[in-house]
file my_file-v3.tsv (TSV, C-alpha atoms)
chain	number	residue	atom	x	y	z
A	1	MET	CA	117.87	64.92	122.40
A	2	SER	CA	115.92	68.08	123.20
A	3	ALA	CA	112.43	68.74	121.86
A	4	VAL	CA	113.84	71.55	119.70
A	5	GLU	CA	116.52	69.29	118.22
A	6	LYS	CA	113.88	66.67	117.46
A	7	VAL	CA	111.64	69.13	115.60
A	8	ILE	CA	114.58	70.53	113.61
A	9	MET	CA	115.83	67.05	112.77
A	10	GLU	CA	112.42	65.77	111.62
A	11	ARG	CA	111.28	68.79	109.59
A	12	SER	CA	111.38	68.59	105.81
A	13	SER	CA	109.72	70.50	102.97
A	14	THR	CA	106.25	69.17	102.25
A	15	ARG	CA	105.16	69.04	98.64
A	16	ALA	CA	101.91	67.08	98.97
A	17	TYR	CA	98.98	68.03	101.19
A	18	THR	CA	95.53	66.69	102.03
A	19	GLU	CA	92.49	68.93	101.55
A	20	LYS	CA	91.86	69.12	105.31
A	21	ARG	CA	91.80	72.73	106.49
A	22	LEU	CA	93.78	73.98	109.45
A	23	THR	CA	91.88	74.99	112.55
A	24	ARG	CA	91.87	78.57	113.77
A	25	GLU	CA	93.99	77.43	116.73
A	26	GLN	CA	96.61	75.96	114.38
A	27	LEU	CA	96.65	79.14	112.26
A	28	ASP	CA	96.98	81.27	115.38
A	29	ALA	CA	99.88	79.11	116.60
A	30	LEU	CA	101.71	79.53	113.28
A	31	ILE	CA	101.18	83.30	113.26
A	32	LEU	CA	102.24	83.61	116.90
A	33	ALA	CA	105.46	81.75	116.10
A	34	GLY	CA	106.18	84.38	113.46
A	35	LEU	CA	105.16	87.30	115.65
A	36	ARG	CA	107.30	86.04	118.54
A	37	SER	CA	110.39	85.81	116.35
A	38	PRO	CA	113.06	88.42	117.01
A	39	THR	CA	113.48	91.39	114.70
A	40	ALA	CA	116.44	93.74	114.40
A	41	THR	CA	116.21	96.56	116.95
A	42	ASN	CA	112.81	95.04	117.90
A	43	ARG	CA	111.38	96.85	114.87
A	44	GLN	CA	108.54	94.32	114.45
A	45	GLU	CA	108.23	95.38	110.83
A	46	LEU	CA	106.73	92.15	109.53
A	47	HIS	CA	103.16	91.69	108.28
A	48	PHE	CA	101.47	88.31	107.79
A	49	THR	CA	98.76	87.73	105.17
A	50	VAL	CA	96.88	84.43	105.53
A	51	LEU	CA	95.13	82.93	102.51
A	52	ASP	CA	93.13	79.79	101.90
A	53	GLY	CA	94.73	77.58	99.28
A	54	ASP	CA	91.78	78.08	96.94
A	55	SER	CA	92.10	81.89	96.96
A	56	PRO	CA	91.88	83.40	93.47
A	57	ILE	CA	94.76	85.70	94.46
A	58	LEU	CA	97.07	82.68	94.71
A	59	ALA	CA	95.96	81.58	91.25
A	60	ASP	CA	96.84	85.08	89.93
A	61	ILE	CA	100.27	84.88	91.56
A	62	GLU	CA	100.80	81.43	90.03
A	63	ARG	CA	99.91	82.73	86.56
A	64	GLU	CA	102.28	85.69	86.89
A	65	LYS	CA	105.11	83.47	88.19
A	66	ASN	CA	104.63	81.11	85.25
A	67	ARG	CA	104.43	83.99	82.74
A	68	LEU	CA	107.68	85.47	84.00
A	69	ARG	CA	109.43	82.11	83.86
A	70	ASP	CA	107.78	81.00	80.61
A	71	LEU	CA	106.43	77.88	82.32
A	72	HIS	CA	103.42	75.89	81.16
A	73	ASP	CA	101.45	72.86	82.32
A	74	LEU	CA	103.14	72.37	85.68
A	75	PRO	CA	101.81	69.46	87.74
A	76	HIS	CA	101.49	71.63	90.88
A	77	ASN	CA	101.11	75.25	91.82
A	78	PHE	CA	103.87	76.98	93.78
A	79	TYR	CA	102.38	75.95	97.13
A	80	TYR	CA	101.63	72.34	96.12
A	81	GLU	CA	97.90	72.68	96.81
A	82	ALA	CA	98.40	73.38	100.53
A	83	PRO	CA	95.19	74.49	102.24
A	84	THR	CA	96.89	77.56	103.75
A	85	VAL	CA	99.50	80.01	102.49
A	86	ILE	CA	100.97	82.75	104.66
A	87	LEU	CA	102.80	85.57	102.91
A	88	ILE	CA	105.23	87.69	104.89
A	89	SER	CA	105.73	91.27	103.81
A	90	ALA	CA	107.98	93.81	105.48
A	91	GLU	CA	109.10	97.40	105.36
A	92	THR	CA	111.06	97.72	102.15
A	93	ALA	CA	113.20	100.58	103.52
A	94	PHE	CA	114.41	98.69	106.61
A	95	ARG	CA	117.72	97.01	105.84
A	96	TRP	CA	117.13	93.95	108.04
A	97	SER	CA	113.59	93.09	106.91
A	98	GLU	CA	114.64	90.12	104.78
A	99	VAL	CA	116.67	88.61	107.62
A	100	ASP	CA	113.81	89.16	110.07
A	101	ALA	CA	111.30	87.55	107.69
A	102	GLY	CA	113.64	84.57	107.26
A	103	ILE	CA	113.79	84.10	111.01
A	104	ALA	CA	110.00	84.35	111.28
A	105	VAL	CA	109.27	81.88	108.48
A	106	GLN	CA	111.66	79.33	109.99
A	107	SER	CA	109.97	79.72	113.39
A	108	MET	CA	106.61	79.12	111.69
A	109	ALA	CA	107.91	76.07	109.82
A	110	LEU	CA	109.20	74.58	113.07
A	111	GLU	CA	105.88	75.30	114.78
A	112	ALA	CA	104.08	73.53	111.92
A	113	GLN	CA	106.28	70.49	112.47
A	114	GLU	CA	105.56	70.57	116.21
A	115	LEU	CA	101.82	70.66	115.44
A	116	GLY	CA	102.14	67.59	113.20
A	117	LEU	CA	101.69	69.65	110.03
A	118	GLY	CA	103.75	69.89	106.89
A	119	SER	CA	105.15	73.14	105.56
A	120	LEU	CA	107.06	74.56	102.63
A	121	ILE	CA	109.06	77.78	102.73
A	122	ILE	CA	108.44	79.60	99.45
A	123	GLY	CA	110.58	82.18	97.69
A	124	CYS	CA	109.87	81.30	94.04
A	125	ILE	CA	107.08	83.88	93.74
A	126	ARG	CA	109.35	86.81	94.55
A	127	ASP	CA	109.65	88.00	90.95
A	128	ALA	CA	105.88	87.85	90.49
A	129	LEU	CA	105.24	89.88	93.65
A	130	THR	CA	108.03	92.42	93.23
A	131	GLY	CA	107.81	92.97	89.47
A	132	ASP	CA	105.45	94.94	87.23
A	133	MET	CA	102.39	93.78	89.17
A	134	SER	CA	103.76	94.45	92.65
A	135	GLU	CA	101.39	97.34	93.42
A	136	ARG	CA	98.36	95.32	92.34
A	137	PHE	CA	99.39	92.31	94.41
A	138	SER	CA	100.35	94.45	97.42
A	139	LYS	CA	96.84	95.93	97.41
A	140	LEU	CA	95.12	92.57	96.92
A	141	LEU	CA	97.18	91.02	99.71
A	142	GLY	CA	96.62	93.86	102.18
A	143	PHE	CA	100.29	94.77	102.56
A	144	PRO	CA	100.73	97.98	104.57
A	145	GLU	CA	102.02	101.06	102.75
A	146	GLY	CA	105.79	100.83	102.20
A	147	TYR	CA	105.82	97.04	102.60
A	148	GLY	CA	106.77	94.43	100.03
A	149	PHE	CA	106.75	90.65	99.74
A	150	VAL	CA	109.69	88.81	101.29
A	151	ILE	CA	108.85	85.12	101.75
A	152	ALA	CA	105.91	82.75	102.22
A	153	LEU	CA	104.96	79.54	103.98
A	154	ALA	CA	102.55	76.85	102.79
A	155	ALA	CA	101.09	74.72	105.57
A	156	GLY	CA	98.73	71.81	105.92
A	157	TYR	CA	98.36	68.13	106.65
A	158	LYS	CA	100.93	65.99	104.86
A	159	ALA	CA	99.71	63.72	102.07
A	160	ALA	CA	103.19	62.24	101.66
A	161	GLU	CA	106.23	61.86	103.85
A	162	LYS	CA	109.69	63.02	102.86
A	163	GLN	CA	112.95	62.42	104.62
A	164	PRO	CA	114.77	65.49	105.92
A	165	HIS	CA	117.68	66.54	103.72
A	166	THR	CA	121.16	65.22	104.26
A	167	PHE	CA	124.24	67.33	104.70
A	168	ASP	CA	128.01	67.04	104.71
A	169	ALA	CA	129.24	68.86	107.82
A	170	ALA	CA	132.88	68.16	106.96
A	171	ASN	CA	132.58	70.24	103.78
A	172	GLN	CA	129.99	72.75	104.95
A	173	VAL	CA	131.50	73.88	108.26
A	174	THR	CA	134.81	75.55	109.04
A	175	TYR	CA	135.98	75.91	112.62
A	176	LEU	CA	138.62	78.57	113.10
call {"tool": "encode", "arguments": {"input": "my_file-v3.tsv", "output": "structure tokens"}}
result
Amino acid sequence: MSAVEKVIMERSSTRAYTEKRLTREQLDALILAGLRSPTATNRQELHFTVLDGDSPILADIEREKNRLRDLHDLPHNFYYEAPTVILISAETAFRWSEVDAGIAVQSMALEAQELGLGSLIIGCIRDALTGDMSERFSKLLGFPEGYGFVIALAAGYKAAEKQPHTFDAANQVTYL
């Protein structure tokens, strides 16, 4: 088994983290994995915003997400108390931005696994960041002009282990 296969096979979504902060080297490795990911026509239209898990901006996003979904008293916030959250924004006018951001976030999640960290790919805050408060959040999060939220990644040290998901190749794959 190759090293890449091993990382892919072992990765799962982490929904429990310790309070231990990531080092600057770990953060840089995660960001580099995203930056090195391919983009359509080599546009490189992605922007990465790194936040500490205790950022008041994340609390604002959580409140807006919950307001839009009429949720109350949830046991965890959307990033499960991870010490780091990385939001990926991209040019809203470029038709391949969402695909490019998806590639980048997967590269970052695999890098987290390689570093012995847990990660969670997050899309559930999309409505909160693209709705009525999108301009406010875009400013707070330092998104460049003409950019909007696409996807996020929570990362940190795992407080609990989870088995990777199972699949049914016979029903999920068609060879023609």
call {"tool": "residues_near_point", "arguments": {"input": "my_file-v3.tsv", "point": "(108.6, 76.6, 118.3)", "cutoff": "10 Å", "atoms": "all atoms listed in the file", "output": "list in words"}}
result
Ala3, Val4, Val7, Ile8, Ala29, Leu30, Leu32, Ala33, Gly34, Arg36, Ser37, Gln106, Ser107, Met108, Ala109, Leu110, Glu111, Ala112, Gln113, Glu114 and Leu115 of chain A
call {"tool": "atom_distance", "arguments": {"input": "my_file-v3.tsv", "atom1": "atom CA of A:Thr84", "atom2": "atom CA of A:Val50"}}
result
7.1 Å
call {"tool": "closest_residue", "arguments": {"input": "my_file-v3.tsv", "among": "A:Ala40, A:Phe149, A:Asp52, A:Arg126", "to": "A:Thr23", "atoms": "only C-alpha atoms"}}
result
A:Asp52
call {"tool": "closest_residue", "arguments": {"input": "my_file-v3.tsv", "among": "A:Asp60, A:Asp54, A:Ser2, A:Ala93", "to": "A:Arg136", "atoms": "all atoms listed in the file"}}
result
A:Asp60
call {"tool": "residues_around", "arguments": {"input": "my_file-v3.tsv", "residues": "stretch 16-20 of chain A", "least_positions_apart": "4", "cutoff": "7 Å", "atoms": "all atoms listed in the file", "output": "PyMOL selection string"}}
result
chain A and resi 80-83+156-160
call {"tool": "closest_residue", "arguments": {"input": "my_file-v3.tsv", "among": "A:His165, A:Arg15, A:Lys139, A:His47", "to": "A:Thr92", "atoms": "all atoms listed in the file"}}
result
A:His47
call {"tool": "axis_aligned_box", "arguments": {"input": "my_file-v3.tsv", "around": "stretch 63-81 of chain A", "padding_each_side": "5 Å", "output": "JSON"}}
result
{"center_x": 103.7, "center_y": 77.6, "center_z": 88.9, "size_x": 21.5, "size_y": 26.2, "size_z": 26.5}
call {"tool": "closest_residue", "arguments": {"input": "my_file-v3.tsv", "among": "A:Lys6, A:Arg69, A:His76, A:Arg11", "to": "A:Leu117", "atoms": "all atoms listed in the file"}}
result
A:Arg11
call {"tool": "closest_residue", "arguments": {"input": "my_file-v3.tsv", "among": "A:Thr130, A:Ser55, A:Thr49, A:Gln163", "to": "A:Met9", "atoms": "all atoms listed in the file"}}
result
A:Gln163
call {"tool": "residues_around", "arguments": {"input": "my_file-v3.tsv", "residues": "A:Glu135", "least_positions_apart": "6", "cutoff": "12 Å", "atoms": "all atoms listed in the file", "output": "PyMOL selection string"}}
result
chain A and resi 128-129+141-149
call {"tool": "atom_distance", "arguments": {"input": "my_file-v3.tsv", "atom1": "atom CA of A:Ala59", "atom2": "atom CA of A:Phe78"}}
result
9.5 Å
call {"tool": "closest_residue", "arguments": {"input": "my_file-v3.tsv", "among": "A:Leu176, A:Leu74, A:Leu120, A:Leu46", "to": "A:Ala90", "atoms": "only C-alpha atoms"}}
result
A:Leu46
call {"tool": "atom_distance", "arguments": {"input": "my_file-v3.tsv", "atom1": "atom CA of A:Ser89", "atom2": "atom CA of A:Ile151"}}
result
7.2 Å
call {"tool": "residues_near_point", "arguments": {"input": "my_file-v3.tsv", "point": "(103.6, 80.4, 103.5)", "cutoff": "8 Å", "atoms": "all atoms listed in the file", "output": "MDAnalysis selection string"}}
result
chainID A and resid 79 84:88 105 119:122 151:155
